[in-house]
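Asks: Quick one: the structure is below, and I'll ask about it shortly.
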Amino acid sequence: MLLKRVWVACAAVLFPCTLLLAQTAPVVKTTQGDATGKWFRNGLQKAFLGLPYAAPPVGDLRWKAPQPPARWSGMRDATKFGARCEQWHVWDDYIFQDAGPSEDCLFLNVYTPAKAKATSKLPVMVWIHGGGFIAGAGSEPRYSDSPLVDRGVVLVTLNYRLGVFGFLATNDLAKENGGHAGNYGLMDVVAALQWVKANIAAFGGDAGNVTIFGESAGSFAVSALTVAPSAHGLFQKFIGESGALFNGAIPMGTMDQRGKRDQVWADSTGAKSLAELRAMPADKVLDSVKNSRGAGFSPVQDGVFLPESLADAYAAGRQVHVPAIIGWNHDERTGTLSKDMTAAKWKAYAAEHYGARPDEFLKAFPGDTDEQAIRSADDLTTAQFIALAPWKWAEADVATGKVPVYRYRFDQPSPAERLHPLPRAFHSAELEYVFGTQDVRQGATWKPEARRLSMQMMDYWTNFAKTGDPNGKGLPKWPRYDQDKAVIHLDSTITAGPDSTRAEFEFLTSAEAKH
């Protein structure tokens, strides 16, 4: 009662109650020990940051499956982000709020509504960040100050091992581990989901209602988890934004292919054994990678964590059978092939690259005018870079999943600014809309219709997390792709209709099959 009176007094005289806030900081009891977090978003949320979900993957644990985290005594400070995983500066729009990179990086962050308690059983949304499997972290501002949580969900963001530390798959590592290697970064995500299952009730979450969602490499990871045996049962819904391991931007090689290739890199470091390679300082490992092929480490069909290709697993119906949202952006990759494109050049391109079937190509990607040729060139590069793979993913899930599948295309052009001088729905442009964090983009001016779309998308995403259906009061109807083959177009005015790009993807798929 006394505490309540003090709060009233603080509000009445409008002075900061620093001491009171320190005394009433939120506390949670996890399986590893107690932790104190902080109030967030002006008291609307509780945030618990930098919680370890696995042991530090250092020393002898480098390039091994994640191990259980240690318990701690006393009260852990969970008010600051843990270190991001080892990486170098790749993209200017990747901004972090942690202290820096480290191999000791297997941390997650939990955001929960202020009133959530252990009996609340709120839906849980676990975010897997993008970054080509070489960059990114859960501490990025576009994920960390999100009104998603205010809609009655628990949000978890996490780090996972990247690049050479997360996906090295040499012959030597395979010999050490019964014939398989790699995928440590994906194993980290599974370990984080296991941690969520064991602990999320203490934060007000429902361990039986977990949605995994991710963008770009995070979406590739989501697709992988749908067929990874160790991930089955750890989530009940998924959302894939711009990416899937159905070939595309990040093809998944077999253990035989990767073992030989990665061994060449390992031998080039001068290390004479795995022990020497594990003892090499992390910065020296990164330097060696940058001096060779840079972004060459990604998921591998290792025979255990990923027993088979995603295409084979889905064809046989061995994926998880849970509701899905799958989509991508209108302009995933533009301005490359289309630069200085004309109708005449486009017809020449068709003859050169699809000489046996130029008419079929031009029917799928028409170019009767210069303007049409430019748009078709951008559609082709968007498909080849990203869109074809999630299209195949959605088609495969519809064929054998027997669960609701919802498809979207994000069409809203983002405002022009320094990093993105043209207003396009570029790769990753949907992120600030999904999380409602548009104000973290410096130099961008957001129109009211853009903010309205963000509110609608947050409603769609959280409705889906709650019920497996994105539809809800006040929202334009989102039809099921598995029933109507209809796609929702997320734009300043939301519309839904038939898949207008099906001919493009069917042609490219048939062209792949004939090579």
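Residue names in the structure tokens use chain letters A, B, ... in the order shown, residue numbers from 1 in each chain, and ligand numbers from 1 in the order shown.
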Find the residues around segment 206-211 of chain A up to 9 Å (only C-alpha atoms counted), leave out those fewer than 2 positions away in its own chain, and share them as a PyMOL selection string.
Replies: chain A and resi 119-127+154+193+196-201+204+213+233-239+464-467
Asks: Select from segment 319-491 of chain A everything DSSP, run on the backbone, classes as strand (DSSP E), then give the selection as a list in words.
Replies: Ala324, Ile325, Ile326, Gly327, Trp328, Asn329, Val405, Tyr406, Arg407, Tyr408, Arg409, Phe410, Ala486, Val487, Ile488, His489 and Leu490 of chain A
Asks: Write out as number ranges by chain which residues come within 10 Å of segment 446-458 of chain A when counting only C-alpha atoms, dropping same-chain ones fewer than 2 positions away.
Replies: A: 146-149, 151, 412-416, 430-439, 441, 443-444, 460-464, 470, 472, 474-476, 490-494
Asks: Selected residues, N, CA and C atoms, written as a short mmCIF file (atom, residue, chain, number, x, y, z; two decimals), in the first residue's frame, please.
Replies:
```cif
data_model
loop_
_atom_site.label_atom_id
_atom_site.label_comp_id
_atom_site.auth_asym_id
_atom_site.auth_seq_id
_atom_site.Cartn_x
_atom_site.Cartn_y
_atom_site.Cartn_z
N SER A 146 9.99 -2.47 -29.77
CA SER A 146 8.87 -2.81 -30.65
C SER A 146 7.51 -2.77 -29.97
N PRO A 147 6.55 -2.06 -30.59
CA PRO A 147 5.17 -2.11 -30.10
C PRO A 147 4.49 -3.45 -30.36
N LEU A 148 5.16 -4.38 -31.03
CA LEU A 148 4.60 -5.74 -31.15
C LEU A 148 4.21 -6.27 -29.78
N VAL A 149 5.09 -6.07 -28.82
CA VAL A 149 4.88 -6.62 -27.48
C VAL A 149 3.64 -6.02 -26.83
N ARG A 151 0.96 -5.54 -28.05
CA ARG A 151 -0.22 -6.23 -28.56
C ARG A 151 -0.46 -7.56 -27.87
N GLN A 412 5.10 -1.82 -50.38
CA GLN A 412 5.20 -0.41 -49.99
C GLN A 412 6.63 0.12 -50.17
N PRO A 413 6.83 1.11 -51.05
CA PRO A 413 8.18 1.67 -51.20
C PRO A 413 8.59 2.40 -49.92
N SER A 414 9.78 2.10 -49.44
CA SER A 414 10.30 2.82 -48.27
C SER A 414 10.79 4.20 -48.70
N PRO A 415 10.77 5.16 -47.80
CA PRO A 415 11.22 6.51 -48.17
C PRO A 415 12.69 6.52 -48.55
N ALA A 416 13.01 7.36 -49.51
CA ALA A 416 14.41 7.48 -49.94
C ALA A 416 15.24 8.09 -48.82
N GLU A 430 10.80 -4.34 -45.11
CA GLU A 430 9.60 -4.60 -44.29
C GLU A 430 9.89 -4.62 -42.80
N LEU A 431 11.16 -4.68 -42.40
CA LEU A 431 11.48 -4.91 -41.00
C LEU A 431 10.91 -3.84 -40.08
N GLU A 432 11.10 -2.58 -40.43
CA GLU A 432 10.60 -1.51 -39.57
C GLU A 432 9.07 -1.49 -39.51
N TYR A 433 8.44 -2.05 -40.53
CA TYR A 433 6.97 -2.16 -40.52
C TYR A 433 6.52 -3.30 -39.61
N VAL A 434 7.21 -4.42 -39.67
CA VAL A 434 6.86 -5.58 -38.85
C VAL A 434 7.02 -5.26 -37.36
N PHE A 435 8.08 -4.52 -37.03
CA PHE A 435 8.37 -4.24 -35.62
C PHE A 435 7.87 -2.87 -35.16
N GLY A 436 7.37 -2.06 -36.08
CA GLY A 436 6.90 -0.73 -35.69
C GLY A 436 8.02 0.18 -35.23
N THR A 437 9.20 0.00 -35.82
CA THR A 437 10.38 0.75 -35.37
C THR A 437 10.89 1.68 -36.47
N GLN A 438 10.00 2.31 -37.18
CA GLN A 438 10.41 3.16 -38.29
C GLN A 438 11.29 4.33 -37.87
N ASP A 439 11.12 4.79 -36.66
CA ASP A 439 11.87 5.98 -36.23
C ASP A 439 13.35 5.69 -35.99
N ARG A 441 15.25 4.51 -38.28
CA ARG A 441 15.88 4.80 -39.57
C ARG A 441 16.16 6.29 -39.68
N GLY A 443 17.19 9.77 -41.13
CA GLY A 443 17.16 10.38 -42.46
C GLY A 443 15.95 10.03 -43.29
N ALA A 444 15.08 9.16 -42.77
CA ALA A 444 13.87 8.77 -43.51
C ALA A 444 12.66 9.53 -42.98
N TYR A 460 -1.47 -8.09 -38.06
CA TYR A 460 -1.47 -9.37 -38.78
C TYR A 460 -0.51 -10.36 -38.12
N TRP A 461 0.72 -9.90 -37.87
CA TRP A 461 1.75 -10.80 -37.34
C TRP A 461 1.37 -11.31 -35.95
N THR A 462 0.88 -10.43 -35.09
CA THR A 462 0.55 -10.87 -33.73
C THR A 462 -0.75 -11.67 -33.69
N ASN A 463 -1.71 -11.34 -34.56
CA ASN A 463 -2.90 -12.19 -34.66
C ASN A 463 -2.51 -13.62 -35.02
N PHE A 464 -1.61 -13.73 -35.98
CA PHE A 464 -1.14 -15.05 -36.41
C PHE A 464 -0.46 -15.78 -35.26
N PRO A 470 -3.89 -14.68 -39.42
CA PRO A 470 -3.54 -13.26 -39.29
C PRO A 470 -4.72 -12.32 -39.30
N GLY A 472 -8.21 -10.30 -38.48
CA GLY A 472 -8.77 -9.76 -37.25
C GLY A 472 -9.62 -8.54 -37.54
N GLY A 474 -11.06 -5.07 -38.20
CA GLY A 474 -10.53 -3.84 -38.76
C GLY A 474 -9.44 -4.01 -39.79
N LEU A 475 -9.09 -5.25 -40.12
CA LEU A 475 -8.03 -5.52 -41.09
C LEU A 475 -8.61 -6.01 -42.41
N PRO A 476 -8.04 -5.61 -43.53
CA PRO A 476 -8.44 -6.21 -44.82
C PRO A 476 -8.26 -7.73 -44.78
N LEU A 490 0.90 -6.04 -49.33
CA LEU A 490 1.03 -5.11 -48.21
C LEU A 490 1.56 -3.79 -48.74
N ASP A 491 0.66 -2.84 -48.86
CA ASP A 491 0.96 -1.55 -49.47
C ASP A 491 0.17 -0.48 -48.72
N SER A 492 0.29 0.76 -49.16
CA SER A 492 -0.44 1.84 -48.50
C SER A 492 -1.94 1.54 -48.51
N THR A 493 -2.42 0.88 -49.55
CA THR A 493 -3.75 0.29 -49.57
C THR A 493 -3.58 -1.21 -49.75
N ILE A 494 -4.00 -1.98 -48.77
CA ILE A 494 -3.81 -3.43 -48.80
C ILE A 494 -4.86 -4.06 -49.70
#
```
Asks: Can you pull out the residues contacting Val285 of chain A? Cut-off 12 Å, using only C-alpha atoms, and skip same-chain residues under 2 positions away; I want them as a ChimeraX atom specification.
Replies: /A:62,86-88,103,163-165,168,265-266,268-271,276-283,287-292,294
Asks: From the list A:Arg480, A:Tyr94, A:Asp411, A:Ala116, which residue is nearest Ala429 of chain A when using only C-alpha atoms?
Replies: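 Among A:Arg480, A:Tyr94, A:Asp411, A:Ala116, it is A:Asp411 that comes nearest to Ala429 of chain A.
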